[in-house]
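Q: So I've got this file, start-v5.txt, and it contains compact mmCIF, C-alpha atoms:
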```
# COMPACT_ATOMS: atom_id res chain seq x y z
CA MET A 1 148.56 135.17 51.69
CA PRO A 2 149.29 131.41 51.35
CA CYS A 3 146.83 129.01 52.98
CA GLY A 4 148.00 128.10 56.49
CA ALA A 5 150.30 131.12 56.82
CA SER A 6 150.00 133.54 59.69
CA PRO A 7 150.10 137.34 59.31
CA HIS A 8 153.74 137.18 60.46
CA GLY A 9 154.78 134.71 57.76
CA THR A 10 154.73 131.62 60.01
CA THR A 11 153.11 128.52 58.54
CA ASP A 12 151.23 125.78 60.44
CA ARG A 13 154.20 123.47 59.77
CA ASP A 14 156.63 125.93 61.37
CA LEU A 15 154.29 126.36 64.36
CA SER A 16 153.93 122.61 64.76
CA ALA A 17 157.72 122.14 64.66
CA THR A 18 158.19 124.88 67.25
CA ILE A 19 155.68 123.23 69.62
CA SER A 20 157.36 119.84 69.12
CA ARG A 21 160.79 121.25 69.98
CA ARG A 22 159.44 122.90 73.12
CA LEU A 23 157.48 119.84 74.28
CA GLY A 24 160.20 117.32 73.47
CA ASN A 25 158.65 114.02 72.34
CA VAL A 26 155.03 115.21 72.60
CA PRO A 27 153.47 115.27 69.10
CA ALA A 28 152.33 118.56 67.66
CA LEU A 29 148.66 119.31 68.23
CA THR A 30 147.53 119.27 64.63
CA GLU A 31 143.94 119.37 63.42
CA VAL A 32 144.11 115.62 62.75
CA ASN A 33 145.02 114.92 66.38
CA VAL A 34 142.17 117.09 67.60
CA ARG A 35 139.67 115.27 65.40
CA LEU A 36 141.01 111.90 66.53
CA PHE A 37 140.56 112.91 70.18
CA GLN A 38 136.99 114.12 69.53
CA ASN A 39 136.07 110.87 67.81
CA CYS A 40 137.51 108.84 70.68
CA VAL A 41 135.37 110.80 73.13
CA ARG A 42 132.26 110.30 71.02
CA VAL A 43 132.78 106.53 70.80
CA VAL A 44 134.40 105.54 74.10
CA PHE A 45 132.26 107.62 76.47
CA PRO A 46 128.89 106.28 75.19
CA ALA A 47 130.33 102.76 75.20
CA LEU A 48 131.31 103.10 78.83
CA LEU A 49 127.94 104.62 79.69
CA PHE A 50 125.97 101.84 78.02
CA GLY A 51 128.26 99.26 79.59
CA VAL A 52 127.46 100.50 83.09
CA PHE A 53 123.77 101.21 82.44
CA PRO A 54 122.11 98.77 80.01
CA ALA A 55 120.34 100.40 77.10
CA GLN A 56 116.89 99.20 78.16
CA GLY A 57 117.26 101.08 81.45
CA LEU A 58 118.07 104.46 79.90
CA LEU A 59 115.35 107.10 79.91
CA ALA A 60 112.65 104.42 80.17
CA SER A 61 109.34 105.36 81.75
CA ASP A 62 106.74 103.01 83.16
CA LEU A 63 103.21 102.85 84.52
CA THR A 64 102.47 100.46 87.40
CA PHE A 65 99.08 99.25 88.63
CA TYR A 66 99.44 97.94 92.17
CA VAL A 67 97.56 96.42 95.09
CA GLY A 68 98.80 96.00 98.63
CA GLY A 69 98.18 96.68 102.26
CA VAL A 70 99.08 99.23 104.92
CA ASN A 71 100.00 98.52 108.52
CA PRO A 72 99.76 101.67 110.67
CA GLY A 73 101.19 102.21 114.11
CA ASN A 74 99.23 103.36 117.13
CA LEU A 75 98.43 106.90 118.15
CA HIS A 76 98.38 108.53 121.56
CA SER A 77 96.17 111.41 122.64
CA GLY A 78 97.17 112.30 126.17
CA ALA A 79 96.82 109.11 128.21
CA ARG A 80 94.55 107.50 125.61
CA GLN A 81 95.87 105.10 122.97
CA VAL A 82 94.13 104.88 119.60
CA ASN A 83 94.68 101.64 117.72
CA LEU A 84 94.42 101.81 113.94
CA ASP A 85 93.47 98.92 111.70
CA GLY A 86 95.39 97.93 108.61
CA GLY A 87 93.66 97.82 105.26
CA ALA A 88 94.00 97.20 101.55
CA VAL A 89 95.26 99.87 99.18
CA TYR A 90 95.34 100.00 95.38
CA GLY A 91 96.32 102.52 92.74
CA PHE A 92 98.94 103.36 90.15
CA ARG A 93 102.45 104.82 89.94
CA LEU A 94 103.77 106.79 86.98
CA ASN A 95 107.55 106.95 86.68
CA MET A 96 109.27 109.29 84.19
CA ASN A 97 113.07 109.07 83.97
CA PHE A 98 114.58 112.49 83.28
CA ILE A 99 118.22 111.34 83.29
CA PRO A 100 119.56 107.78 82.92
CA THR A 101 118.44 105.59 85.84
CA VAL A 102 116.96 108.52 87.82
CA GLY A 103 113.35 109.60 87.56
CA LEU A 104 110.39 111.30 89.14
CA GLU A 105 107.52 109.04 90.19
CA GLN A 106 104.01 110.02 91.19
CA THR A 107 101.76 107.69 93.19
CA PHE A 108 97.97 107.80 93.44
CA GLY A 109 96.57 105.31 95.95
CA PHE A 110 93.08 104.61 97.26
CA SER A 111 91.57 102.61 100.12
CA SER A 112 88.06 101.89 101.40
CA ASN A 113 89.30 100.99 104.87
CA PHE A 114 92.08 103.45 105.58
CA LEU A 115 93.58 103.88 109.07
CA ALA A 116 90.22 103.14 110.67
CA PRO A 117 90.19 103.21 114.49
CA SER A 118 89.73 99.72 115.92
CA GLY A 119 86.12 99.09 116.77
CA LEU A 120 84.71 101.60 114.32
CA PRO A 121 80.91 101.05 114.44
CA ASP A 122 79.17 99.49 111.45
CA GLY A 123 77.87 102.04 109.01
CA GLN A 124 80.77 104.43 109.50
CA ASP A 125 83.33 104.86 106.77
CA SER A 126 87.07 105.48 106.79
CA ASN A 127 88.23 105.97 103.21
CA GLY A 128 91.67 107.09 102.16
CA PHE A 129 93.68 108.72 99.41
CA ILE A 130 97.48 108.77 99.05
CA TYR A 131 99.44 111.06 96.76
CA SER A 132 103.22 111.31 96.66
CA ALA A 133 105.95 112.65 94.39
CA ASN A 134 109.21 110.73 94.68
CA VAL A 135 112.69 110.65 93.29
CA ILE A 136 113.44 107.09 92.23
CA VAL A 137 116.95 105.76 91.56
CA ASN A 138 117.13 102.57 89.49
CA PHE A 139 120.00 100.07 89.38
CA PRO A 140 119.27 98.11 86.15
CA LEU A 141 120.56 94.58 85.80
CA LYS A 142 119.78 92.03 83.08
CA ASN A 143 116.20 91.10 84.03
CA PHE A 144 115.87 92.80 87.41
CA THR A 145 115.95 96.45 88.39
CA PRO A 146 116.34 97.16 92.11
CA TYR A 147 115.50 100.72 93.10
CA ALA A 148 115.43 103.13 96.03
CA THR A 149 112.95 105.95 96.44
CA ALA A 150 112.07 108.86 98.73
CA GLY A 151 109.65 111.73 98.52
CA ALA A 152 106.76 113.65 100.01
CA GLY A 153 103.04 114.02 99.54
CA LEU A 154 99.66 113.85 101.21
CA ILE A 155 97.60 111.23 102.99
CA TRP A 156 93.93 112.03 103.36
CA GLN A 157 91.43 110.14 105.51
CA HIS A 158 87.79 110.95 104.95
CA GLY A 159 84.34 109.51 105.63
CA SER A 160 82.63 109.58 109.00
CA ASP A 161 83.09 112.35 111.57
CA ASN A 162 85.83 112.31 114.21
CA LEU A 163 88.34 110.25 112.25
CA PRO A 164 91.80 110.65 113.81
CA VAL A 165 94.03 111.46 110.83
CA GLY A 166 92.26 113.76 108.37
CA GLY A 167 94.55 115.27 105.76
CA GLU A 168 98.25 115.41 106.55
CA PHE A 169 101.57 116.07 104.83
CA ALA A 170 103.67 112.88 104.77
CA LEU A 171 107.23 111.86 103.97
CA ASN A 172 107.88 108.43 102.51
CA TYR A 173 110.92 106.28 101.80
CA GLY A 174 111.56 102.75 100.62
CA GLY A 175 112.53 100.61 97.69
CA GLY A 176 111.79 97.50 95.75
CA ILE A 177 112.52 95.54 92.64
CA LYS A 178 111.15 95.42 89.08
CA TRP A 179 111.21 92.05 87.35
CA LYS A 180 110.98 92.04 83.56
CA LEU A 181 108.61 89.40 82.13
CA PHE A 182 108.22 89.78 78.36
CA GLY A 183 108.28 92.73 76.01
CA PRO A 184 107.71 95.97 77.92
CA THR A 185 105.87 94.30 80.83
CA GLY A 186 106.91 93.08 84.25
CA LEU A 187 106.13 92.62 87.91
CA ARG A 188 107.05 95.04 90.66
CA PHE A 189 107.44 94.52 94.41
CA ASP A 190 107.52 97.62 96.59
CA ALA A 191 107.95 98.36 100.30
CA ARG A 192 107.87 101.83 101.83
CA GLY A 193 107.20 103.68 105.03
CA TYR A 194 105.17 106.86 105.56
CA THR A 195 105.63 109.34 108.39
CA THR A 196 103.45 112.27 109.39
CA THR A 197 104.18 114.62 112.30
CA LYS A 198 100.89 116.23 113.33
CA VAL A 199 98.45 113.51 114.32
CA TYR A 200 97.28 114.00 117.89
CA ASP A 201 100.34 114.34 120.15
CA ASN A 202 102.77 112.34 118.04
CA SER A 203 103.74 111.24 114.54
CA LEU A 204 102.04 108.48 112.61
CA ASN A 205 104.22 105.79 111.05
CA MET A 206 102.69 103.56 108.41
CA PHE A 207 104.22 100.66 106.49
CA GLU A 208 103.01 99.72 103.01
CA LEU A 209 103.76 96.55 101.06
CA SER A 210 102.51 96.08 97.50
CA VAL A 211 102.84 94.09 94.29
CA GLY A 212 102.14 95.53 90.86
CA PHE A 213 102.15 94.98 87.12
CA PHE A 214 104.05 97.54 85.07
CA VAL A 215 104.23 98.52 81.41
CA ARG A 216 107.32 100.31 80.14
CA PHE A 217 107.14 102.87 77.36
```
Kindly transcribe the structure held in the file into structure tokens.
A:
Amino acid sequence: MPCGASPHGTTDRDLSATISRRLGNVPALTEVNVRLFQNCVRVVFPALLFGVFPAQGLLASDLTFYVGGVNPGNLHSGARQVNLDGGAVYGFRLNMNFIPTVGLEQTFGFSSNFLAPSGLPDGQDSNGFIYSANVIVNFPLKNFTPYATAGAGLIWQHGSDNLPVGGEFALNYGGGIKWKLFGPTGLRFDARGYTTTKVYDNSLNMFELSVGFFVRF
């Protein structure tokens, strides 16, 4: 059987002419046209993607060391109000992008004066630990990368007896900006709120503001 012939004696050229007659001015869909279309997709689509999302922002991961402070709200237990003091917090955040511009970030934070009730006697401790797993959405620009984030985790207050918070599940939400300095390094400014629902008779709302130094890899 000749190359390009069908079992019924119809060649590719005859089939192409038949399609052209039926479609009017539309060119026959030859193998060359198909390959041309595939090559256009392979070139144009990545070009558009890299034009919208700069290459340095694609699938980049980073580790941030940060320091900041927390400002908690007040708690109510019946008719009694419990005032909580703010304190310093420090730790690190590990962000791993699993698709372009979107990643999963884990935060580990520590504090030696965490949500302590006002007037806590000397010699009593109120230490704290924060863990959260967040989805982070980056919007990369030339030297700046604004981002939004939300997630869930745990806040844990420990130390002396009768501390008001203990260990609680917490939601968090916020955002910030990453500022590229040189090479893979940069500064990061972050603001986020935390909310728990089972502290005394109400929820606890806490605001955290921090600055950090990140390394991208």
Q: Go through segment 121-160 of chain A residue by residue and, counting all atoms listed in the file, keep those with an atom at most 10 Å from segment 194-214 of chain A; for each kept residue give the shortest atom pair and its distance in Å to one decimal, ordered by chain and increasing number, as CSV.
A:
```
residue,atom,partner,partner_atom,distance
A:Ala150,CA,A:Tyr194,CA,9.9
A:Gly151,CA,A:Tyr194,CA,9.7
A:Ala152,CA,A:Tyr194,CA,8.9
A:Gly153,CA,A:Tyr194,CA,9.6
A:Leu154,CA,A:Thr196,CA,9.2
A:Ile155,CA,A:Thr196,CA,8.7
```
Q: Please write the residues from the selection above to a file, keeping C-alpha atoms, as a PDB file, keeping the file's coordinate frame.
A:
```pdb
ATOM      1  CA  ALA A 150     112.070 108.860  98.730  1.00  0.00           C
ATOM      2  CA  GLY A 151     109.650 111.730  98.520  1.00  0.00           C
ATOM      3  CA  ALA A 152     106.760 113.650 100.010  1.00  0.00           C
ATOM      4  CA  GLY A 153     103.040 114.020  99.540  1.00  0.00           C
ATOM      5  CA  LEU A 154      99.660 113.850 101.210  1.00  0.00           C
ATOM      6  CA  ILE A 155      97.600 111.230 102.990  1.00  0.00           C
TER       7      ILE A 155
END
```
Q: Using all atoms listed in the file, determine which residues lie at most 10 Å from Tyr147 of chain A, disregarding the query and same-chain residues fewer than 3 positions distant; provide the list as a list in words.
A: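 What passes the distance filter is Thr101, Val102, Ile136, Val137, Asn138, Phe139, Pro140, Phe144, Gly174, Gly175, Gly176, Ile177, Lys178 and Asp190 of chain A.
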Q: Can you list, as number ranges by chain, every protein, DNA or RNA residue that comes within 8 Å of Thr107 of chain A when you count all atoms listed in the file, leaving out same-chain residues fewer than 5 positions away?
A: A: 91-94, 130-133
Q: Residues near Phe110 of chain A, anyone? I mean within 6 Å using all atoms listed in the file, not counting same-chain ones fewer than 5 positions away, as a PyMOL selection string.
A: chain A and resi 89-91+128-129
Q: For each of A:Val135, A:Leu63, A:Leu171, A:Ala88, take the minimum atom-to-atom distance to Arg188 of chain A, counting all atoms listed in the file, then give the residue where this is smallest.
A: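 The closest residue to Arg188 of chain A is A:Leu63.
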Q: How many Å separate atom CA of Asn113 of chain A from atom CA of Val215 of chain A?
A: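 For atom CA of Asn113 of chain A relative to atom CA of Val215 of chain A, the distance reads 27.9 Å.
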Q: As an exercise, work out the distance from atom CA of Ser118 of chain A to atom CA of Val82 of chain A in Å and give it to one decimal place.
A: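 Atom CA of Ser118 of chain A sits 7.7 Å away from atom CA of Val82 of chain A.
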Q: So the first atom is atom CA of Gly166 of chain A and the second is atom CA of Gly109 of chain A; what is the distance between them in Å, to one decimal place?
A: 15.6 Å
Q: Quick one: of A:Leu84, A:Ala148, A:Leu75, A:Ala170, who's nearest to Phe189 of chain A, counting all atoms listed in the file?
A: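 Smallest separation from Phe189 of chain A among the options: A:Ala148.
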